[in-house]
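Data file: run_35.cif. Format and content: mmCIF, C-alpha atoms and all ligand atoms.
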```
data_target
loop_
_atom_site.label_atom_id
_atom_site.label_comp_id
_atom_site.auth_asym_id
_atom_site.auth_seq_id
_atom_site.Cartn_x
_atom_site.Cartn_y
_atom_site.Cartn_z
CA MET A 1 77.86 -46.76 46.64
CA SER A 2 74.71 -47.22 44.55
CA ASP A 3 76.31 -45.92 41.31
CA GLY A 4 76.93 -49.36 39.85
CA LYS A 5 73.23 -50.11 40.20
CA ILE A 6 72.09 -47.23 38.03
CA ILE A 7 71.13 -48.16 34.48
CA ASP A 8 72.25 -45.21 32.40
CA GLY A 9 69.65 -44.99 29.62
CA LYS A 10 71.11 -41.76 28.29
CA ALA A 11 74.51 -43.34 27.63
CA PHE A 12 72.96 -46.52 26.20
CA ALA A 13 70.70 -44.48 23.88
CA GLU A 14 73.73 -42.51 22.67
CA ARG A 15 75.57 -45.74 21.83
CA LEU A 16 72.48 -47.10 20.07
CA ARG A 17 72.18 -43.92 18.00
CA GLY A 18 75.87 -44.34 17.06
CA ARG A 19 75.17 -47.86 15.75
CA ILE A 20 72.10 -46.61 13.89
CA LYS A 21 74.14 -43.83 12.29
CA ALA A 22 76.74 -46.34 11.10
CA ALA A 23 73.98 -48.56 9.66
CA VAL A 24 72.37 -45.58 7.91
CA GLU A 25 75.73 -44.72 6.34
CA ALA A 26 76.16 -48.32 5.17
CA LEU A 27 72.66 -48.31 3.67
CA GLY A 28 73.49 -45.17 1.70
CA ARG A 29 76.89 -46.45 0.59
CA ASP A 30 75.85 -49.98 -0.36
CA HIS A 31 72.27 -49.49 -1.53
CA GLY A 32 71.82 -45.78 -2.26
CA LEU A 33 69.06 -45.57 0.36
CA ARG A 34 68.39 -42.89 2.97
CA PRO A 35 65.70 -43.76 5.55
CA GLY A 36 63.02 -41.08 5.95
CA LEU A 37 60.85 -40.33 8.99
CA ALA A 38 57.73 -38.14 8.79
CA VAL A 39 56.36 -36.72 12.03
CA VAL A 40 52.86 -35.27 12.03
CA LEU A 41 51.82 -32.79 14.72
CA VAL A 42 48.28 -31.47 14.96
CA GLY A 43 47.76 -28.43 17.18
CA GLU A 44 50.12 -26.57 19.48
CA ASP A 45 50.46 -28.65 22.64
CA PRO A 46 53.78 -27.34 24.07
CA ALA A 47 55.02 -30.75 25.31
CA SER A 48 54.27 -32.32 21.91
CA GLN A 49 56.16 -29.52 20.16
CA VAL A 50 59.24 -30.27 22.28
CA TYR A 51 59.00 -34.01 21.53
CA VAL A 52 58.62 -33.37 17.80
CA ARG A 53 61.58 -30.99 17.76
CA ASN A 54 63.78 -33.53 19.58
CA LYS A 55 62.72 -36.29 17.22
CA ALA A 56 63.52 -34.20 14.14
CA THR A 57 66.94 -33.17 15.51
CA GLN A 58 67.95 -36.73 16.37
CA THR A 59 66.62 -38.06 13.04
CA VAL A 60 68.92 -35.69 11.15
CA GLU A 61 71.85 -36.45 13.49
CA VAL A 62 71.81 -40.13 12.52
CA GLY A 63 71.77 -39.19 8.82
CA MET A 64 68.10 -39.83 8.08
CA HIS A 65 65.73 -37.67 6.08
CA SER A 66 63.32 -35.83 8.43
CA VAL A 67 59.97 -34.37 7.41
CA GLU A 68 57.69 -32.46 9.77
CA HIS A 69 54.02 -31.76 9.08
CA LYS A 70 52.57 -29.21 11.48
CA LEU A 71 48.82 -28.92 11.08
CA ASP A 72 46.37 -26.48 12.54
CA ALA A 73 44.46 -27.55 15.70
CA ALA A 74 41.21 -27.31 13.67
CA THR A 75 42.39 -29.90 11.09
CA SER A 76 39.61 -32.35 10.25
CA GLN A 77 39.95 -36.10 10.41
CA ASP A 78 39.56 -36.34 6.61
CA GLU A 79 42.40 -33.86 6.07
CA LEU A 80 44.66 -35.82 8.39
CA LEU A 81 43.71 -39.12 6.73
CA ALA A 82 44.53 -37.59 3.31
CA LEU A 83 48.00 -36.65 4.58
CA ILE A 84 48.53 -40.18 5.96
CA ALA A 85 47.52 -41.64 2.58
CA ALA A 86 50.04 -39.39 0.82
CA LEU A 87 52.81 -40.41 3.26
CA ASN A 88 51.90 -44.09 2.86
CA ALA A 89 52.43 -43.69 -0.90
CA ASP A 90 55.63 -41.62 -0.58
CA GLU A 91 58.64 -43.82 -1.41
CA THR A 92 61.04 -41.46 0.40
CA ILE A 93 59.24 -42.07 3.71
CA ASP A 94 59.93 -45.26 5.71
CA GLY A 95 58.39 -44.24 9.02
CA ILE A 96 55.26 -42.26 9.89
CA LEU A 97 54.64 -41.01 13.40
CA VAL A 98 51.52 -39.14 14.42
CA GLN A 99 52.18 -37.29 17.67
CA LEU A 100 49.55 -38.02 20.31
CA PRO A 101 47.31 -36.70 21.79
CA LEU A 102 45.21 -35.55 18.82
CA PRO A 103 42.46 -32.90 19.11
CA ASP A 104 38.99 -34.11 20.13
CA GLN A 105 37.45 -33.91 16.63
CA ILE A 106 39.84 -36.66 15.46
CA ASP A 107 39.46 -40.39 16.20
CA SER A 108 43.05 -41.31 17.14
CA GLN A 109 42.66 -45.04 16.57
CA ALA A 110 41.22 -44.48 13.07
CA VAL A 111 44.26 -42.37 12.24
CA LEU A 112 46.76 -44.87 13.68
CA ASP A 113 45.06 -47.70 11.80
CA ALA A 114 45.31 -45.74 8.53
CA ILE A 115 49.12 -45.81 8.66
CA ASP A 116 50.72 -48.49 6.47
CA PRO A 117 51.73 -51.13 9.08
CA ASP A 118 55.15 -51.41 7.44
CA LYS A 119 55.71 -47.67 8.09
CA ASP A 120 54.16 -47.74 11.57
CA VAL A 121 57.36 -46.98 13.49
CA ASP A 122 55.45 -46.32 16.71
CA GLY A 123 54.18 -49.92 16.54
CA PHE A 124 50.62 -48.92 17.53
CA HIS A 125 48.81 -50.38 14.49
CA VAL A 126 46.65 -53.39 15.31
CA ILE A 127 48.60 -55.43 12.73
CA ASN A 128 51.87 -54.76 14.55
CA ALA A 129 50.25 -55.53 17.92
CA GLY A 130 49.07 -58.83 16.40
CA ARG A 131 52.48 -59.60 14.92
CA LEU A 132 54.12 -58.95 18.29
CA ALA A 133 51.62 -61.21 20.07
CA THR A 134 52.12 -64.03 17.56
CA GLY A 135 55.90 -63.76 17.22
CA GLY A 136 55.89 -62.17 13.76
CA ALA A 137 58.15 -59.45 12.34
CA ALA A 138 56.48 -56.56 14.16
CA LEU A 139 57.48 -52.96 14.46
CA VAL A 140 57.49 -52.81 18.27
CA PRO A 141 56.36 -49.84 20.41
CA CYS A 142 59.43 -47.76 21.18
CA THR A 143 59.25 -47.34 24.96
CA PRO A 144 58.85 -51.04 25.90
CA LEU A 145 61.46 -51.94 23.28
CA GLY A 146 63.83 -49.51 25.00
CA CYS A 147 63.11 -51.17 28.36
CA LEU A 148 63.88 -54.62 26.94
CA LEU A 149 67.18 -53.46 25.43
CA LEU A 150 68.24 -51.94 28.78
CA LEU A 151 67.33 -55.14 30.63
CA GLN A 152 69.18 -57.38 28.17
CA ASP A 153 72.20 -55.11 28.27
CA ARG A 154 72.33 -55.31 32.08
CA LEU A 155 71.20 -58.90 32.71
CA GLY A 156 72.05 -60.74 29.48
CA ASP A 157 69.74 -63.72 28.91
CA LEU A 158 66.39 -63.11 30.66
CA SER A 159 65.19 -66.74 30.36
CA GLY A 160 63.29 -68.03 33.35
CA LEU A 161 63.25 -64.74 35.25
CA HIS A 162 59.94 -63.65 36.75
CA ALA A 163 58.98 -60.23 35.37
CA VAL A 164 56.21 -58.21 36.98
CA VAL A 165 54.85 -55.46 34.71
CA VAL A 166 52.71 -52.91 36.54
CA GLY A 167 50.38 -51.28 33.99
CA ARG A 168 48.48 -52.75 31.03
CA SER A 169 48.21 -49.91 28.53
CA ASN A 170 48.38 -50.67 24.81
CA ILE A 171 51.46 -48.48 24.36
CA VAL A 172 53.59 -49.68 27.32
CA GLY A 173 52.31 -52.43 29.63
CA LYS A 174 50.87 -54.93 27.13
CA PRO A 175 53.68 -54.78 24.56
CA MET A 176 56.21 -54.87 27.43
CA ALA A 177 54.64 -58.10 28.68
CA GLN A 178 54.75 -59.58 25.16
CA LEU A 179 58.40 -58.66 24.71
CA LEU A 180 59.37 -60.18 28.08
CA LEU A 181 57.43 -63.33 27.22
CA GLY A 182 59.30 -63.43 23.92
CA ALA A 183 62.53 -63.22 25.93
CA ASN A 184 61.42 -66.31 27.90
CA CYS A 185 60.50 -64.57 31.15
CA THR A 186 57.60 -65.73 33.27
CA VAL A 187 55.39 -62.65 33.15
CA THR A 188 52.81 -61.23 35.55
CA VAL A 189 50.84 -58.17 34.43
CA ALA A 190 49.45 -56.13 37.33
CA HIS A 191 46.99 -53.23 37.10
CA SER A 192 44.61 -51.12 39.16
CA ARG A 193 42.45 -54.13 40.12
CA THR A 194 45.37 -56.31 41.24
CA ARG A 195 44.98 -57.51 44.82
CA ASP A 196 47.92 -56.93 47.15
CA LEU A 197 50.11 -55.19 44.58
CA PRO A 198 53.15 -54.94 46.92
CA ALA A 199 53.19 -58.74 47.40
CA MET A 200 52.87 -59.22 43.64
CA VAL A 201 55.72 -56.82 42.86
CA ARG A 202 57.90 -58.49 45.53
CA GLN A 203 57.91 -61.68 43.41
CA GLY A 204 59.62 -59.98 40.49
CA ASP A 205 63.23 -60.60 39.50
CA ILE A 206 62.36 -57.82 37.06
CA VAL A 207 59.87 -55.04 37.83
CA VAL A 208 58.64 -52.68 35.12
CA ALA A 209 56.54 -49.81 36.49
CA ALA A 210 54.33 -48.08 33.87
CA VAL A 211 51.54 -46.64 35.95
CA GLY A 212 51.64 -42.85 35.79
CA ARG A 213 51.49 -42.41 39.60
CA PRO A 214 54.41 -40.53 41.16
CA GLU A 215 56.66 -42.75 43.32
CA MET A 216 53.94 -45.35 43.89
CA VAL A 217 56.25 -48.39 43.97
CA LYS A 218 58.19 -48.34 47.25
CA GLY A 219 61.56 -49.85 48.09
CA ASP A 220 60.01 -52.43 50.43
CA TRP A 221 57.95 -53.76 47.49
CA ILE A 222 61.16 -54.73 45.69
CA LYS A 223 62.77 -58.16 45.99
CA PRO A 224 66.42 -57.67 47.01
CA GLY A 225 68.59 -57.68 43.89
CA ALA A 226 65.73 -57.24 41.41
CA ALA A 227 66.14 -55.13 38.27
CA VAL A 228 63.72 -52.18 38.32
CA ILE A 229 62.70 -50.33 35.15
CA ASP A 230 60.81 -47.12 35.84
CA VAL A 231 58.82 -45.95 32.81
CA GLY A 232 56.87 -43.25 34.65
CA ILE A 233 57.36 -39.59 33.85
CA ASN A 234 55.51 -37.45 36.40
CA ARG A 235 55.93 -33.70 36.86
CA VAL A 236 55.54 -32.82 40.55
CA PRO A 237 56.14 -29.69 42.67
CA ALA A 238 59.71 -29.28 43.97
CA PRO A 239 59.49 -26.71 46.78
CA GLU A 240 63.09 -27.58 47.77
CA LYS A 241 64.21 -26.01 44.45
CA GLY A 242 62.23 -22.82 45.01
CA GLU A 243 58.70 -21.56 44.86
CA SER A 244 56.60 -22.93 41.96
CA LYS A 245 59.52 -25.10 40.73
CA MET A 246 58.73 -28.55 39.32
CA LYS A 247 60.74 -31.75 38.89
CA LEU A 248 60.34 -35.11 37.16
CA VAL A 249 59.89 -38.29 39.16
CA GLY A 250 59.10 -41.83 38.10
CA ASP A 251 56.49 -44.34 39.25
CA VAL A 252 59.09 -45.82 41.63
CA GLU A 253 60.27 -44.18 44.85
CA PHE A 254 63.89 -44.06 43.74
CA ALA A 255 65.55 -43.30 47.09
CA SER A 256 64.09 -46.36 48.84
CA ALA A 257 64.19 -48.66 45.78
CA VAL A 258 67.84 -48.05 44.91
CA ALA A 259 68.85 -49.38 48.34
CA VAL A 260 67.21 -52.76 47.62
CA ALA A 261 67.36 -53.23 43.84
CA GLY A 262 70.23 -54.87 42.00
CA ALA A 263 69.80 -52.42 39.13
CA ILE A 264 67.45 -49.50 38.54
CA THR A 265 66.72 -46.84 35.93
CA PRO A 266 66.62 -43.23 37.17
CA VAL A 267 64.05 -40.63 36.10
CA PRO A 268 65.10 -38.65 34.17
CA GLY A 269 67.93 -40.35 32.27
CA GLY A 270 66.66 -43.94 32.27
CA VAL A 271 63.91 -45.14 29.95
CA GLY A 272 63.07 -41.67 28.55
CA PRO A 273 66.10 -41.27 26.24
CA MET A 274 65.57 -44.78 24.84
CA THR A 275 62.23 -43.94 23.26
CA ILE A 276 63.52 -41.71 20.44
CA ALA A 277 66.55 -43.97 19.88
CA CYS A 278 64.16 -46.90 19.38
CA LEU A 279 62.02 -44.81 17.04
CA LEU A 280 65.11 -44.29 14.87
CA ARG A 281 65.92 -47.99 15.14
CA ASN A 282 62.40 -48.84 13.91
CA THR A 283 62.73 -46.37 11.03
CA LEU A 284 66.00 -47.99 9.98
CA ILE A 285 64.47 -51.46 10.20
CA SER A 286 61.44 -50.34 8.21
CA ALA A 287 63.74 -48.93 5.48
CA GLU A 288 65.80 -52.13 5.40
CA ARG A 289 62.73 -54.36 5.23
CA ARG A 290 61.01 -52.29 2.58
CA ALA A 291 64.17 -52.40 0.46
CA GLY A 292 64.67 -56.12 1.08
CA VAL A 293 68.06 -55.45 2.69
CA ALA A 294 69.22 -57.68 5.56
CA GLY A 295 70.81 -55.90 8.49
CA GLU A 296 68.55 -55.46 11.50
CA GLY A 297 70.41 -58.17 13.45
CA ASP A 298 73.40 -55.82 13.57
CA LEU A 299 71.74 -53.48 16.06
P1 LIG B 1 48.09 -45.37 31.17
O1 LIG B 1 47.43 -44.35 32.03
O2 LIG B 1 47.58 -45.62 29.80
O3 LIG B 1 48.09 -46.78 31.94
C1 LIG B 1 48.40 -46.85 33.30
C2 LIG B 1 48.28 -48.25 33.78
O4 LIG B 1 48.58 -48.27 35.17
C3 LIG B 1 46.88 -48.85 33.61
O5 LIG B 1 46.95 -50.16 33.13
C4 LIG B 1 46.30 -48.82 35.04
O6 LIG B 1 45.45 -49.91 35.35
C5 LIG B 1 47.55 -48.95 35.88
N1 LIG B 1 47.35 -48.35 37.20
C6 LIG B 1 46.88 -47.11 37.48
N2 LIG B 1 46.81 -46.93 38.81
C7 LIG B 1 47.23 -48.08 39.38
C8 LIG B 1 47.38 -48.51 40.71
N3 LIG B 1 47.08 -47.71 41.74
N4 LIG B 1 47.85 -49.75 40.93
C9 LIG B 1 48.16 -50.56 39.91
N5 LIG B 1 48.06 -50.20 38.62
C10 LIG B 1 47.59 -48.98 38.36
O7 LIG B 1 49.63 -44.96 31.14
P2 LIG B 1 50.81 -45.31 30.08
O8 LIG B 1 51.02 -46.76 30.02
O9 LIG B 1 50.58 -44.55 28.83
O10 LIG B 1 52.04 -44.60 30.81
C11 LIG B 1 52.50 -45.01 32.08
C12 LIG B 1 53.60 -44.07 32.54
O11 LIG B 1 54.69 -44.13 31.64
C13 LIG B 1 53.21 -42.60 32.59
O12 LIG B 1 53.88 -41.98 33.69
C14 LIG B 1 53.73 -42.03 31.30
O13 LIG B 1 54.05 -40.65 31.39
C15 LIG B 1 55.00 -42.84 31.14
N6 LIG B 1 55.45 -42.97 29.75
C16 LIG B 1 56.76 -42.73 29.48
C17 LIG B 1 57.26 -42.86 28.20
C18 LIG B 1 58.71 -42.63 27.96
O14 LIG B 1 59.53 -42.87 28.79
N7 LIG B 1 59.09 -42.17 26.83
C19 LIG B 1 56.38 -43.21 27.07
C20 LIG B 1 55.03 -43.57 27.48
C21 LIG B 1 54.60 -43.42 28.77
P3 LIG B 1 43.98 -50.12 34.67
O15 LIG B 1 44.27 -50.63 33.29
O16 LIG B 1 43.35 -51.10 35.55
O17 LIG B 1 43.34 -48.76 34.67
#
```

Please, can you express the file's structure as structure tokens?
Amino acid sequence: MSDGKIIDGKAFAERLRGRIKAAVEALGRDHGLRPGLAVVLVGEDPASQVYVRNKATQTVEVGMHSVEHKLDAATSQDELLALIAALNADETIDGILVQLPLPDQIDSQAVLDAIDPDKDVDGFHVINAGRLATGGAALVPCTPLGCLLLLQDRLGDLSGLHAVVVGRSNIVGKPMAQLLLGANCTVTVAHSRTRDLPAMVRQGDIVVAAVGRPEMVKGDWIKPGAAVIDVGINRVPAPEKGESKMKLVGDVEFASAVAVAGAITPVPGGVGPMTIACLLRNTLISAERRAGVAGEGDL
């Protein structure tokens, strides 16, 4: 009954990767170019290792050149900055991604700001944040970009819709709000100091939850028919699956929200798969821009 409401991010991401692959082939055929993505991992955080492996696999699958730099957990900031400088100067590399979190001895922002903004495929450099805020040709953070693409695919033109973004982080909430504003939504950004959050969320034709609190947004907070994008990825105990088993849930209480929403992303299988697909999209765009080749409108 609720199947038609589910926004299938996995399927959308697969289609997007197919279009990226075709564009990568065209770039090679017509211009002799092969986009390259370098991923830098410092230390041995198991979750980060999984992310980096998935990124490398998908990079190769779309026909791009993939480079992985795995550095020791004791790497100094100067060593990491030297690697970034080398990647900035490397003509075979179009995108540089430094996997976060970094060990304590390294100032993450200093490292992110050392990346050439035109190779900053995560879109975290202050120059790209500024370009996004002022309507310039930014490389846009991957997760909010994925959310926007899912919304536009489901709803078409977003003009005039009221979007409520819950969360104001630099990597999700703020760029999400900028993107929705750019798509002509009326945007409210809510956060931990917002008064009467349920009443605020209830005003949204679109609700984006990026909070990091398991199932915080309840179904009775949702305006009937609203589109709900759940960015949250929370690992919680799942005693129903067996002792010490865990499961992933979002920031939205899916069971109650799906009954009210017009459309909703599940967790997993909603926003999550879009992030790497958008990283590849940004790498392609970076390669096209750096080579002065038009084409990004095709995606
Ligand atoms: P942050 O912790 O950086 O930001 C959380 C935001 O939520 C803050 O702005 C905070 O407000 C707000 N917040 C916290 N508690 C409340 C509350 N009770 N009521 C209202 N607002 C609240 O998280 P991120 O933005 O990095 O990530 C958010 C979620 O998205 C996480 O679950 C994360 O795992 C997930 N995520 C998923 C990705 C993917 O799908 N690939 C990628 C990135 C993140 P304040 O600013 O006032 O503290």

Next item on the list: State, in Å with one decimal place, the distance from atom CA of Ile127 of chain A to atom CA of Asp113 of chain A.
Entry: 8.6 Å

Check: Once you count all atoms listed in the file, which residues end up no further than 12 Å from (49.2, -26.3, 23.3) in the file's frame, shown as a PyMOL selection string?
Finding: chain A and resi 41-50+72-73+101-103

Notebook entry, point to check: Once you count all atoms listed in the file, which residues end up within 6 Å of ligand LIG 1 (chain B), and could you hand them over as number ranges by chain?
Noted result: A: 143, 166-169, 171-173, 191-193, 210-212, 231-234, 271-272, 275

Note to self: Report as a ChimeraX atom specification all protein, DNA and RNA residues lying within 10 Å of Leu145 of chain A, evaluated on all atoms listed in the file, omitting residues in the same chain fewer than 6 positions from it.
What the structure shows: /A:139,151,172,175-176,179-180,271,274-275,278-279,282

Checklist line | A:Glu61, A:Asp104, A:Asp153, A:Glu25 ranked by distance to Asp8 of chain A, top pick (using only C-alpha atoms) | finding: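 Answer, going by the shortest atom-to-atom distance: A:Asp153.
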
Item checked: From A:Gly9, A:Gly160, A:Gly269, A:Pro198, residue lying nearest Gly219 of chain A [all atoms listed in the file] ->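 Of the candidates, the smallest distance to Gly219 of chain A is held by A:Pro198.
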
Quick one: everything within 7 Å of Ala56 of chain A, counting all atoms listed in the file, minus sequence neighbours fewer than 4 positions away in the same chain. Send it as a short mmCIF file (atom, residue, chain, number, x, y, z; two decimals) with C-alpha atoms, keeping the file's coordinate frame.
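Full text of around.cif as output:
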```
data_model
loop_
_atom_site.label_atom_id
_atom_site.label_comp_id
_atom_site.auth_asym_id
_atom_site.auth_seq_id
_atom_site.Cartn_x
_atom_site.Cartn_y
_atom_site.Cartn_z
CA VAL A 52 58.62 -33.37 17.80
CA VAL A 60 68.92 -35.69 11.15
CA SER A 66 63.32 -35.83 8.43
#
```

Check: For Ala138 of chain A, which residue among A:Thr59, A:Asp230, A:Gln109, A:Gln178 is the nearest when counting all atoms listed in the file?
Finding: A:Gln178

Note to self: Restricting the calculation to only C-alpha atoms: of A:Gly63, A:Gly135, A:Gly28, A:Gly36, which residue gets closest to Val293 of chain A?
What the structure shows: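 Nearest to Val293 of chain A: A:Gly28.
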
Note to self: Could you check the closest approach to Ile222 of chain A for each of A:Arg202, A:His31, A:Lys241, A:Arg15 and tell me which residue wins, using all atoms listed in the file?
What the structure shows: A:Arg202

Checklist line | Nearest-residue call for Asn128 of chain A, choices A:Ser256, A:Asn184, A:Asn170, A:Gln152, using all atoms listed in the file | finding: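 So, comparing all the options, the nearest one is A:Asn170.
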
Margin query: Distance cut-off 12 Å, centre (67.3, -41.4, 10.8) in file coordinates, counting all atoms listed in the file: which residues qualify? Return them as number ranges by chain.
Written below: A: 17-25, 27-28, 33-39, 55-67, 93-95, 121, 276-287

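The list of residues with at least one atom within 6 Å of segment 261-267 of chain A, based on all atoms listed in the file and without residues fewer than 6 positions apart in the same chain, reads Lys5, Ile6, Ile7, Pro224, Gly225, Ala226, Ala227, Val228, Ile229, Asp230, Val249 and Gly250 of chain A.
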
Please put the answer as JSON: centre and edge lengths, in Å with one decimal, of a box along x, y and z that encloses all listed atoms of segment 26-32 of chain A plus 3 Å on each side.
```
{"center_x": 74.4, "center_y": -47.6, "center_z": 1.5, "size_x": 11.1, "size_y": 10.8, "size_z": 13.4}
```

Notebook entry, point to check: Suppose you want the space between atom CA of Glu91 of chain A and atom CA of Arg290 of chain A; what is it in Å?
Noted result: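 Atom-to-atom, atom CA of Glu91 of chain A and atom CA of Arg290 of chain A are spaced 9.7 Å apart.
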
Checklist line | Point-to-point distance in Å for atom CA of Cys185 of chain A and atom CA of Ser159 of chain A | finding: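 A separation of 5.2 Å between them.
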